[in-house]
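Containing compact mmCIF, C-alpha atoms (C1' of nucleotides): query_35.txt.
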# COMPACT_ATOMS: atom_id res chain seq x y z
CA MET A 35 8.47 -9.05 16.07
CA PRO A 36 7.84 -11.41 18.92
CA ALA A 37 7.64 -14.60 16.90
CA SER A 38 8.75 -16.60 19.87
CA LEU A 39 5.71 -16.14 22.01
CA ASP A 40 4.16 -19.24 23.40
CA ALA A 41 0.49 -19.84 22.88
CA GLN A 42 -0.44 -18.49 26.27
CA ASP A 43 1.42 -15.20 25.94
CA ARG A 44 0.02 -14.83 22.52
CA GLU A 45 -3.51 -15.26 23.76
CA GLU A 46 -2.80 -12.74 26.48
CA LEU A 47 -1.46 -10.24 24.01
CA MET A 48 -4.39 -10.83 21.76
CA ARG A 49 -6.80 -10.07 24.52
CA THR A 50 -5.16 -6.85 25.55
CA ALA A 51 -4.95 -5.72 21.95
CA GLU A 52 -8.61 -6.44 21.49
CA ASN A 53 -9.36 -4.42 24.57
CA VAL A 54 -7.32 -1.50 23.39
CA PHE A 55 -9.18 -1.56 20.12
CA ARG A 56 -12.55 -1.92 21.76
CA GLU A 57 -11.87 1.02 24.00
CA PHE A 58 -10.59 3.08 21.11
CA LEU A 59 -13.83 2.41 19.30
CA ARG A 60 -15.99 3.09 22.27
CA ASP A 61 -14.28 6.43 22.81
CA ARG A 62 -15.35 7.41 19.36
CA SER A 63 -18.81 5.94 19.55
CA LEU A 64 -17.87 3.33 17.01
CA LYS A 65 -18.91 -0.27 17.19
CA TYR A 66 -16.98 -3.36 17.99
CA THR A 67 -18.37 -5.71 15.40
CA ALA A 68 -17.73 -9.37 14.74
CA GLU A 69 -15.82 -8.40 11.59
CA ARG A 70 -13.57 -6.00 13.44
CA GLU A 71 -12.85 -8.63 16.00
CA LYS A 72 -11.93 -11.16 13.35
CA ILE A 73 -9.61 -8.63 11.80
CA VAL A 74 -7.75 -7.62 14.96
CA ARG A 75 -7.27 -11.24 15.80
CA ALA A 76 -5.98 -12.02 12.35
CA VAL A 77 -3.63 -9.08 12.52
CA MET A 78 -2.32 -10.06 15.92
CA ASN A 79 -1.69 -13.54 14.65
CA THR A 80 0.54 -12.23 11.93
CA ASP A 81 4.16 -11.72 12.84
CA GLU A 82 5.28 -10.69 9.42
CA HIS A 83 4.60 -7.67 7.32
CA PHE A 84 1.53 -8.13 5.24
CA GLU A 85 -0.59 -6.45 2.63
CA ALA A 86 -4.31 -5.98 2.86
CA GLU A 87 -4.87 -8.64 0.24
CA GLN A 88 -2.71 -11.16 2.06
CA LEU A 89 -4.56 -10.63 5.26
CA LEU A 90 -7.80 -11.16 3.43
CA LEU A 91 -6.57 -14.40 1.93
CA MET A 92 -5.27 -15.64 5.22
CA MET A 93 -8.58 -14.93 6.82
CA ARG A 94 -10.44 -16.73 4.07
CA GLN A 95 -8.32 -19.79 4.54
CA GLN A 96 -9.36 -19.81 8.15
CA ASP A 97 -12.98 -19.21 7.27
CA LYS A 98 -12.95 -15.81 8.84
CA ARG A 99 -14.51 -14.15 5.84
CA VAL A 100 -14.99 -10.43 5.58
CA ALA A 101 -15.27 -8.11 2.63
CA LYS A 102 -12.16 -6.58 1.23
CA ALA A 103 -13.54 -3.11 1.87
CA THR A 104 -13.97 -3.98 5.51
CA VAL A 105 -10.36 -5.03 5.77
CA TYR A 106 -9.23 -1.72 4.37
CA ARG A 107 -11.58 0.22 6.58
CA THR A 108 -10.56 -1.65 9.68
CA LEU A 109 -6.86 -1.46 9.00
CA LYS A 110 -7.19 2.30 8.96
CA LEU A 111 -8.83 2.24 12.33
CA LEU A 112 -6.13 -0.02 13.68
CA VAL A 113 -3.50 2.36 12.45
CA ASP A 114 -5.22 5.29 14.11
CA CYS A 115 -5.52 3.22 17.20
CA GLY A 116 -1.80 2.53 17.20
CA ILE A 117 -2.01 -1.24 17.03
CA VAL A 118 -0.92 -1.39 13.44
CA LYS A 119 1.75 0.52 11.60
CA GLU A 120 2.05 1.15 7.92
CA VAL A 121 5.32 0.22 6.30
CA HIS A 122 6.26 1.43 2.86
CA PHE A 123 8.65 -0.88 1.16
CA SER A 124 7.75 -0.62 -2.46
CA ASN A 125 5.86 2.05 -4.31
CA LYS A 126 2.99 -0.29 -4.79
CA GLN A 127 0.81 -1.41 -1.96
CA VAL A 128 1.12 -0.38 1.62
CA HIS A 129 2.41 -3.03 3.96
CA TYR A 130 1.22 -3.32 7.51
CA GLU A 131 2.55 -4.85 10.65
CA HIS A 132 1.13 -4.99 14.11
CA THR A 133 3.26 -3.22 16.63
CA TYR A 134 1.35 -4.09 19.68
CA GLY A 135 3.41 -5.79 22.34
CA GLY A 136 6.55 -5.93 20.25
CA ASP A 137 9.70 -3.89 20.59
CA PRO A 138 9.75 -0.90 18.31
CA HIS A 139 11.87 -1.53 15.29
CA ASP A 140 12.63 -0.20 11.86
CA HIS A 141 13.70 -1.92 8.69
CA MET A 142 16.71 -2.36 6.55
CA VAL A 143 16.09 -3.41 2.96
CA CYS A 144 18.68 -5.03 0.76
CA ARG A 145 18.55 -3.52 -2.67
CA ARG A 146 20.04 -6.57 -4.23
CA CYS A 147 18.08 -9.46 -2.82
CA GLY A 148 15.20 -7.66 -1.21
CA ARG A 149 15.82 -9.14 2.19
CA ILE A 150 14.34 -7.23 5.07
CA ILE A 151 16.06 -6.98 8.41
CA GLU A 152 14.59 -5.41 11.50
CA PHE A 153 16.55 -3.47 14.02
CA ASP A 154 15.90 -1.80 17.33
CA ALA A 155 14.40 1.63 16.81
CA ARG A 156 15.29 3.17 20.13
CA GLU A 157 18.29 5.10 18.94
CA VAL A 158 16.29 6.40 16.04
CA ALA A 159 13.47 7.44 18.33
CA LYS A 160 15.94 9.33 20.49
CA LEU A 161 17.33 11.14 17.52
CA ARG A 162 13.91 11.97 16.18
CA THR A 163 12.91 13.57 19.45
CA LEU A 164 16.06 15.61 19.46
CA ILE A 165 15.70 16.79 15.91
CA ALA A 166 12.04 17.53 16.39
CA ALA A 167 12.74 19.62 19.45
CA GLU A 168 15.27 21.67 17.55
CA HIS A 169 12.46 22.69 15.26
CA GLY A 170 9.82 23.24 17.89
CA PHE A 171 8.20 20.08 16.70
CA HIS A 172 6.57 17.55 18.95
CA ALA A 173 7.48 14.13 17.59
CA LEU A 174 4.88 11.41 17.77
CA ALA A 175 6.24 8.78 15.46
CA HIS A 176 8.69 8.18 12.67
CA ARG A 177 9.32 6.12 9.62
CA PHE A 178 12.81 4.99 9.03
CA GLN A 179 14.25 2.66 6.50
CA ILE A 180 17.83 1.92 5.63
CA GLN A 181 18.56 0.80 2.12
CA GLY A 182 21.74 -0.90 1.15
CA LEU A 183 23.36 -4.26 0.70
CA CYS A 184 22.99 -7.08 3.18
CA ALA A 185 26.03 -8.98 4.41
CA THR A 186 25.67 -11.70 1.81
CA CYS A 187 25.22 -9.36 -1.10
CA THR A 188 28.06 -7.16 0.06
CA LYS A 189 30.39 -10.13 -0.16
CA SER A 190 29.35 -11.11 -3.67
CA CYS A 191 29.49 -7.52 -4.77
CA PRO A 192 32.65 -5.60 -3.81
CA ILE A 193 32.00 -2.11 -2.62
CA GLY A 194 32.92 0.45 -5.18
CA LEU A 195 31.71 -1.60 -8.06
CA LYS A 196 28.74 0.00 -9.68
CA VAL A 197 26.05 -2.60 -9.93
CA LYS A 198 22.51 -2.47 -11.01
CA LEU A 199 20.41 -2.33 -7.96
CA LEU A 200 16.73 -2.41 -7.47
CA THR A 201 16.23 1.24 -6.69
CA GLY A 202 13.41 2.57 -8.71
CA LYS A 203 13.86 -0.67 -10.56
CA ALA A 204 13.62 0.83 -13.99
CA LYS A 205 13.87 -2.55 -15.60
CA ALA A 206 17.23 -2.73 -13.86
CA SER A 207 16.68 -6.37 -13.14
CA THR A 208 16.57 -7.60 -16.67
CA GLY A 209 20.30 -7.70 -16.48
CA ARG A 210 20.96 -7.10 -20.11
CA GLY A 211 22.68 -3.78 -19.66
CA LYS A 212 25.49 -3.78 -22.12
CA ARG A 213 27.49 -1.03 -20.65
CA LYS A 214 30.29 0.24 -22.76
CA LYS A 215 33.16 2.27 -21.48
CA MET B 28 16.38 22.88 -0.83
CA PRO B 29 18.51 25.63 -2.27
CA ALA B 30 15.69 28.00 -3.13
CA SER B 31 18.01 30.91 -2.77
CA LEU B 32 20.16 30.26 -5.76
CA ASP B 33 20.64 33.13 -8.11
CA ALA B 34 19.95 32.62 -11.76
CA GLN B 35 23.55 32.02 -12.62
CA ASP B 36 24.16 29.35 -10.02
CA ARG B 37 20.95 27.73 -11.02
CA GLU B 38 21.98 27.56 -14.63
CA GLU B 39 25.31 26.13 -13.55
CA LEU B 40 23.63 23.47 -11.45
CA MET B 41 21.26 22.69 -14.27
CA ARG B 42 24.11 22.10 -16.63
CA THR B 43 26.01 19.79 -14.35
CA ALA B 44 22.86 17.84 -13.58
CA GLU B 45 22.19 17.46 -17.27
CA ASN B 46 25.70 16.21 -17.76
CA VAL B 47 25.41 13.70 -14.99
CA PHE B 48 22.22 12.41 -16.54
CA ARG B 49 23.66 12.33 -20.01
CA GLU B 50 26.62 10.36 -18.84
CA PHE B 51 24.45 8.00 -16.88
CA LEU B 52 22.47 7.32 -20.02
CA ARG B 53 25.51 6.93 -22.20
CA ASP B 54 26.95 4.38 -19.78
CA ARG B 55 23.88 2.28 -20.31
CA SER B 56 23.63 2.85 -24.03
CA LEU B 57 20.48 4.85 -23.55
CA LYS B 58 19.62 7.96 -25.44
CA TYR B 59 19.58 11.54 -24.37
CA THR B 60 16.43 12.69 -26.05
CA ALA B 61 14.77 16.07 -26.25
CA GLU B 62 12.05 14.82 -23.91
CA ARG B 63 14.52 13.66 -21.31
CA GLU B 64 16.27 16.96 -21.45
CA LYS B 65 13.01 18.82 -20.96
CA ILE B 66 12.25 16.66 -17.98
CA VAL B 67 15.58 17.04 -16.18
CA ARG B 68 15.37 20.72 -16.67
CA ALA B 69 11.86 20.89 -15.34
CA VAL B 70 12.87 18.79 -12.36
CA MET B 71 15.89 20.92 -11.60
CA ASN B 72 13.71 24.01 -11.74
CA THR B 73 11.49 22.62 -9.05
CA ASP B 74 12.54 23.31 -5.53
CA GLU B 75 9.54 21.75 -3.92
CA HIS B 76 8.35 18.21 -3.66
CA PHE B 77 6.21 17.31 -6.60
CA GLU B 78 4.15 14.49 -8.00
CA ALA B 79 4.48 13.16 -11.51
CA GLU B 80 1.20 14.76 -12.45
CA GLN B 81 2.26 18.15 -11.13
CA LEU B 82 5.48 18.05 -13.07
CA LEU B 83 3.54 17.21 -16.17
CA LEU B 84 1.19 20.14 -15.64
CA MET B 85 4.00 22.51 -14.94
CA MET B 86 5.71 21.43 -18.11
CA ARG B 87 2.55 21.88 -20.11
CA GLN B 88 2.16 25.39 -18.85
CA GLN B 89 5.60 26.13 -20.16
CA ASP B 90 4.90 24.42 -23.44
CA LYS B 91 7.34 21.69 -22.72
CA ARG B 92 4.93 18.94 -23.57
CA VAL B 93 5.72 15.29 -23.12
CA ALA B 94 3.54 12.27 -22.59
CA LYS B 95 2.66 11.25 -19.08
CA ALA B 96 4.26 7.87 -19.64
CA THR B 97 7.49 9.54 -20.58
CA VAL B 98 7.48 11.50 -17.35
CA TYR B 99 7.09 8.34 -15.34
CA ARG B 100 9.72 6.53 -17.32
CA THR B 101 12.17 9.36 -17.05
CA LEU B 102 11.60 9.94 -13.35
CA LYS B 103 12.62 6.35 -12.77
CA LEU B 104 15.80 6.89 -14.63
CA LEU B 105 16.50 10.04 -12.68
CA VAL B 106 16.00 8.17 -9.44
CA ASP B 107 18.40 5.46 -10.54
CA CYS B 108 20.78 8.13 -11.60
CA GLY B 109 20.63 9.73 -8.16
CA ILE B 110 19.41 13.11 -9.25
CA VAL B 111 15.93 12.59 -7.94
CA LYS B 112 14.72 11.00 -4.76
CA GLU B 113 11.36 9.52 -4.01
CA VAL B 114 9.56 10.79 -0.97
CA HIS B 115 6.61 8.98 0.49
CA PHE B 116 4.31 11.28 2.35
CA SER B 117 0.90 9.84 1.79
CA ASN B 118 -0.18 6.40 0.79
CA LYS B 119 -1.24 7.71 -2.53
CA GLN B 120 1.13 8.96 -5.11
CA VAL B 121 4.87 9.01 -4.82
CA HIS B 122 6.40 12.43 -4.40
CA TYR B 123 9.72 13.36 -5.88
CA GLU B 124 12.32 15.96 -5.23
CA HIS B 125 15.59 16.64 -6.89
CA THR B 126 18.51 16.21 -4.59
CA TYR B 127 21.18 17.34 -6.88
CA GLY B 128 23.28 20.13 -5.51
CA GLY B 129 21.26 20.50 -2.34
CA ASP B 130 22.12 19.49 1.17
CA PRO B 131 20.76 16.11 2.14
CA HIS B 132 17.68 16.48 4.26
CA ASP B 133 14.75 14.55 5.60
CA HIS B 134 11.22 15.60 6.41
CA MET B 135 9.04 16.26 9.36
CA VAL B 136 5.30 16.13 8.74
CA CYS B 137 2.73 17.76 10.98
CA ARG B 138 -0.17 15.43 11.48
CA ARG B 139 -2.48 18.23 12.26
CA CYS B 140 -1.92 20.76 9.51
CA GLY B 141 0.13 18.74 7.08
CA ARG B 142 3.00 21.18 7.06
CA ILE B 143 6.30 19.76 5.92
CA ILE B 144 9.58 20.86 7.40
CA GLU B 145 12.97 19.82 6.19
CA PHE B 146 15.93 19.18 8.38
CA ASP B 147 19.56 18.32 7.94
CA ALA B 148 19.98 14.61 7.39
CA ARG B 149 23.59 14.28 8.43
CA GLU B 150 22.96 12.95 11.91
CA VAL B 151 20.52 10.47 10.51
CA ALA B 152 22.99 9.35 7.93
CA LYS B 153 25.58 8.81 10.63
CA LEU B 154 23.19 6.74 12.65
CA ARG B 155 22.15 4.70 9.65
CA THR B 156 25.73 3.78 8.89
CA LEU B 157 26.27 2.74 12.46
CA ILE B 158 23.18 0.63 12.66
CA ALA B 159 23.83 -0.92 9.30
CA ALA B 160 27.34 -1.88 10.30
CA GLU B 161 26.05 -3.59 13.40
CA HIS B 162 24.13 -5.88 11.12
CA GLY B 163 26.82 -6.44 8.52
CA PHE B 164 24.84 -4.23 6.24
CA HIS B 165 26.31 -1.75 3.84
CA ALA B 166 24.08 1.33 3.93
CA LEU B 167 23.54 3.21 0.71
CA ALA B 168 20.59 5.41 1.50
CA HIS B 169 17.78 5.91 3.90
CA ARG B 170 14.28 7.21 4.19
CA PHE B 171 13.40 9.04 7.31
CA GLN B 172 10.34 10.94 8.27
CA ILE B 173 9.29 12.35 11.59
CA GLN B 174 5.61 12.67 12.26
CA GLY B 175 4.20 14.86 14.95
CA LEU B 176 2.88 18.28 15.67
CA CYS B 177 4.50 21.44 14.41
CA ALA B 178 5.17 24.33 16.75
CA THR B 179 1.93 26.09 15.89
CA CYS B 180 -0.24 23.05 16.27
CA THR B 181 1.46 22.06 19.50
CA LYS B 182 0.46 25.39 20.98
CA SER B 183 -3.16 25.10 20.00
CA CYS B 184 -3.26 21.52 21.13
CA PRO B 185 -1.81 20.83 24.59
CA ILE B 186 0.31 17.73 24.80
CA GLY B 187 -1.47 14.93 26.52
CA LEU B 188 -4.80 15.76 25.06
CA LYS B 189 -5.92 13.08 22.70
CA VAL B 190 -6.83 14.74 19.45
CA LYS B 191 -7.89 13.48 16.13
CA LEU B 192 -4.93 13.53 13.91
CA LEU B 193 -4.50 12.80 10.28
CA THR B 194 -2.74 9.49 10.60
CA GLY B 195 -4.36 6.95 8.39
CA LYS B 196 -7.05 9.58 8.21
CA ALA B 197 -9.92 7.18 8.60
CA LYS B 198 -12.39 9.96 8.16
CA ALA B 199 -10.91 11.28 11.38
CA SER B 200 -11.26 14.77 10.08
CA THR B 201 -15.03 14.91 9.97
CA GLY B 202 -14.73 16.10 13.50
CA ARG B 203 -18.08 14.87 14.69
CA GLY B 204 -16.72 12.41 17.22
CA LYS B 205 -18.85 12.78 20.26
CA ARG B 206 -16.54 11.15 22.70
CA LYS B 207 -18.13 10.11 25.90
CA LYS B 208 -16.27 9.23 29.06
C1' DG C 74 20.39 1.47 -40.22
C1' DT C 75 19.59 -0.03 -35.84
C1' DC C 76 17.93 -0.08 -31.40
C1' DA C 77 15.78 2.61 -28.23
C1' DA C 78 12.18 6.19 -27.01
C1' DT C 79 7.87 8.39 -27.63
C1' DG C 80 2.84 9.05 -27.47
C1' DC C 81 -1.34 7.30 -26.95
C1' DA C 82 -4.77 4.54 -25.14
C1' DA C 83 -5.79 0.58 -22.94
C1' DA C 84 -4.55 -2.22 -19.08
C1' DC C 85 -3.36 -2.70 -14.25
C1' DA C 86 -3.41 -2.99 -9.32
C1' DT C 87 -4.76 -1.08 -5.27
C1' DT C 88 -7.75 1.41 -2.67
C1' DT C 89 -12.07 4.00 -2.08
C1' DT C 90 -16.95 4.82 -2.52
C1' DG C 91 -22.17 4.59 -2.91
C1' DC C 92 -25.83 2.32 -1.34
C1' DA C 93 -29.21 -1.08 0.35
C1' DA C 94 -29.40 -4.39 3.85
C1' DC C 95 -28.05 -5.33 8.39
C1' DT C 96 -26.36 -5.16 13.40
C1' DC C 97 -24.33 -3.40 17.52
C1' DT C 98 -25.51 -0.60 21.52
C1' DA D 216 -34.88 2.70 17.36
C1' DG D 217 -31.06 4.55 15.34
C1' DA D 218 -26.49 5.46 14.14
C1' DG D 219 -22.87 3.04 12.46
C1' DT D 220 -21.26 -1.17 9.59
C1' DT D 221 -21.16 -4.51 6.13
C1' DG D 222 -20.79 -6.46 1.50
C1' DC D 223 -20.88 -5.88 -3.07
C1' DA D 224 -19.80 -3.91 -7.23
C1' DA D 225 -18.64 0.11 -9.43
C1' DA D 226 -15.54 4.00 -9.47
C1' DA D 227 -11.40 6.25 -8.71
C1' DT D 228 -6.37 6.65 -8.55
C1' DG D 229 -1.86 6.36 -9.81
C1' DT D 230 1.18 3.91 -12.58
C1' DT D 231 2.54 0.66 -16.22
C1' DT D 232 2.36 -1.50 -20.70
C1' DG D 233 1.77 -2.72 -25.76
C1' DC D 234 2.52 -1.15 -30.01
C1' DA D 235 3.06 1.57 -34.16
C1' DT D 236 5.72 5.52 -35.20
C1' DT D 237 9.61 8.51 -34.60
C1' DG D 238 14.24 9.71 -33.48
C1' DA D 239 19.13 9.38 -31.61
C1' DC D 240 23.53 7.73 -32.45
Would you mind writing the structure in this file as structure tokens?
Amino acid sequence: MPASLDAQDREELMRTAENVFREFLRDRSLKYTAEREKIVRAVMNTDEHFEAEQLLLMMRQQDKRVAKATVYRTLKLLVDCGIVKEVHFSNKQVHYEHTYGGDPHDHMVCRRCGRIIEFDAREVAKLRTLIAAEHGFHALAHRFQIQGLCATCTKSCPIGLKVKLLTGKAKASTGRGKRKK
Amino acid sequence: MPASLDAQDREELMRTAENVFREFLRDRSLKYTAEREKIVRAVMNTDEHFEAEQLLLMMRQQDKRVAKATVYRTLKLLVDCGIVKEVHFSNKQVHYEHTYGGDPHDHMVCRRCGRIIEFDAREVAKLRTLIAAEHGFHALAHRFQIQGLCATCTKSCPIGLKVKLLTGKAKASTGRGKRKK
DNA sequence: GTCAATGCAAACATTTTGCAACTCT
DNA sequence: AGAGTTGCAAAATGTTTGCATTGAC
């Protein structure tokens, strides 16, 4: 995520994203409303992953109020449009991130501390195309996520030792597992 | 998925899976109950991806009744135990599949017809380890999914043509998009 | 006998929907 | 003018939880 953009680049990116969205809508005879504009702008101003609810809150704080339903409806359009991507970290809500103007990346999630690290997705994209081709498939996109232990957690938790991780997190975190044996 | 197992191999696999689960439970001072046994067995008898609800139904049809809550609780344990893996196709329910005794694979989803194809995950696993290492990460697992068009749909839908796909499926399927231009 | 597991229903959280009022184009 | 959009609240979904009862070890 291009968190290091200066204000000018950001404004530039914003504008082109808006245009892409507007054109996408026009192509489908949909309307570019004030609410949709507020939402694209809010999304483009977010460099982190976010949930629908968070976006809504953020927008409220900036007095860009829209209905929750509108946020959900618009996020779907933005996904279809390719400006936003869904990310599935937990089994609960969907997370979103805008992918417009940034380098494609995927995520690595630490099962111990939950930290999320992004990495360049180009190798993955290459592999996906290859695999797809082998199956007569035409790849358009992928979802990839590596789960494991981050550097810090690896240190404090020697490999080979069976620890309770936050997999399906079946109350694994209560840490009162009196294992015998 | 090893759908081609004969009855004997299947029974063999079933038994070892049960043992793995039993041991997993014992290690944590949890109990191997009749319900849990029913559930592992049902899971191991399923070679397709399934949702919690489907498993429940299937079990009911075979008069292996358990409460829905028990299914959810047990599936979590099975995930932690490594016998079952969560698969996230849609944004709705979680799908599960048992991964015990089968070759590791990932999925390819056709955005047009929804077809799901499995492919060998070994290359992906290699790549994940590599990428993880580059970031001081210790990879334990991954989730990978390729989205695109299957062979059939690619034929009926020339590449380059913008079609309505079932991405976020924002009512994209109503097919009454009178595009202009 | 003890601690954990079950079943049930109620609770939850997130997302979707129906509909009247509104607004882009 | 008219088709699409909004906001709201209600509904729908999928999953989790509380608790009394039951069961494994």
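Our summary of the geometry notes that atom CA of A:Glu87 is positioned 26.0 Å from atom CA of A:Phe153.
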Which residues of chain D sit at most 8 Å from chain A, using all atoms listed in the file? Give each one's shortest atom pair and distance in Å (one decimal place), in chain and ascending residue order, as a Markdown table.
| residue | atom | partner | partner_atom | distance |
| --- | --- | --- | --- | --- |
| D:DG219 | C1' | A:Leu64 | CA | 6.8 |
| D:DT220 | C1' | A:Thr67 | CA | 7.9 |
| D:DT221 | C1' | A:Thr104 | CA | 7.2 |
| D:DG222 | C1' | A:Ala101 | CA | 5.9 |
Check your understanding: What residues in chain C lie within 9 Å of chain A, counting all atoms listed in the file, written as an MDAnalysis selection string?
Key -> chainID C and resid 86:89 96:98
Show me, as a tab-separated table, the residues of chain A having an atom within 8 Å of chain B, each with the closest atom pair and its distance in Å, using all atoms listed in the file.
residue	atom	partner	partner_atom	distance
A:Asp61	CA	B:Arg206	CA	5.2
A:Arg62	CA	B:Arg206	CA	5.2
A:Ser63	CA	B:Arg206	CA	6.5
A:Arg107	CA	B:Ala197	CA	7.4
A:Lys110	CA	B:Gly195	CA	5.5
A:Leu111	CA	B:Ala197	CA	6.3
A:Val113	CA	B:Gly195	CA	6.2
A:Asp114	CA	B:Thr194	CA	6.0
A:His122	CA	B:His115	CA	7.9
A:Asn125	CA	B:Val121	CA	7.0
A:Val128	CA	B:Asn118	CA	7.0
A:Met142	CA	B:Ala159	CA	7.8
A:Phe153	CA	B:Ile158	CA	7.9
A:Val158	CA	B:Leu154	CA	7.7
A:Leu161	CA	B:Val151	CA	7.7
A:Arg162	CA	B:Ile173	CA	6.5
A:Ile165	CA	B:Phe146	CA	7.9
A:Ala166	CA	B:Ile173	CA	7.6
A:His169	CA	B:Ala178	CA	7.6
A:Gly170	CA	B:Ala178	CA	4.9
A:Phe171	CA	B:Cys177	CA	4.6
A:His172	CA	B:Leu176	CA	5.0
A:Ala173	CA	B:Gly175	CA	4.3
A:Leu174	CA	B:Gly175	CA	4.5
A:Ala175	CA	B:Gln174	CA	5.1
A:His176	CA	B:Ile173	CA	4.3
A:Arg177	CA	B:Gln172	CA	5.1
A:Phe178	CA	B:Phe171	CA	4.4
A:Gln179	CA	B:Arg170	CA	5.1
A:Ile180	CA	B:His169	CA	4.3
A:Gln181	CA	B:Ala168	CA	5.1
A:Gly182	CA	B:Ala166	CA	4.3
A:Leu183	CA	B:His165	CA	5.0
A:Cys184	CA	B:Phe164	CA	4.6
A:Ala185	CA	B:Gly163	CA	4.9
A:Thr188	CA	B:His165	CA	6.8
A:Thr201	CA	B:Asp107	CA	6.1
A:Gly202	CA	B:Lys103	CA	5.6
A:Lys203	CA	B:Lys103	CA	7.5
A:Ala204	CA	B:Lys103	CA	5.7
A:Gly211	CA	B:Arg55	CA	6.2
A:Lys212	CA	B:Arg55	CA	6.5
A:Arg213	CA	B:Arg55	CA	4.9
A:Lys214	CA	B:Asp54	CA	6.1
A:Lys215	CA	B:Asp54	CA	6.8
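The least-squares superposition of chain B onto chain A, using every Cα atom in order, ends with an RMSD of 0.2 Å.
Pairwise distance (atom CA of A:Val77, atom CA of A:His132) equals 6.5 Å.
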Exercise for review: Go ahead and compute the interatomic distance for atom CA of A:Glu131 and atom CA of A:Thr80, in Å to one decimal.
Suggested key: 7.8 Å
Check your understanding: Which neighbours of C:DA84 fall inside 12 Å, counting only C-alpha atoms (C1' of nucleotides), when residues of the same chain fewer than 3 positions from it are skipped, and could you give them as a list of chain:residue names?
Key -> D:DT230, D:DT231, D:DT232, D:DG233
Just write the chosen residues, C-alpha atoms (C1' of nucleotides), as an mmCIF file, keeping the file's coordinate frame.
data_model
loop_
_atom_site.group_PDB
_atom_site.id
_atom_site.type_symbol
_atom_site.label_atom_id
_atom_site.label_comp_id
_atom_site.auth_asym_id
_atom_site.auth_seq_id
_atom_site.Cartn_x
_atom_site.Cartn_y
_atom_site.Cartn_z
ATOM 1 C "C1'" DT D 230 1.180 3.910 -12.580
ATOM 2 C "C1'" DT D 231 2.540 0.660 -16.220
ATOM 3 C "C1'" DT D 232 2.360 -1.500 -20.700
ATOM 4 C "C1'" DG D 233 1.770 -2.720 -25.760
#
Just need the box for stretch 217-226 of chain D, edges along x, y and z, holding every atom the file lists for it with 8 Å tacked onto each side, so centre and edge lengths in Å to one decimal, as AutoDock Vina command-line options.
--center_x -23.3 --center_y -0.5 --center_z 2.9 --size_x 31.5 --size_y 27.9 --size_z 40.8
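The shortest atom-to-atom distance to B:Val47, with all atoms listed in the file taken into account, belongs to B:Ile110 out of B:Val98, B:Ala69, B:Ile110, B:Leu82.
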Exercise for review: Could you pull out every residue with an atom within 12 Å of (8.2, 29.6, -19.5), file coordinates, counting all atoms listed in the file, and send them as a ChimeraX atom specification?
Suggested key: /B:65,68-69,72,85-92
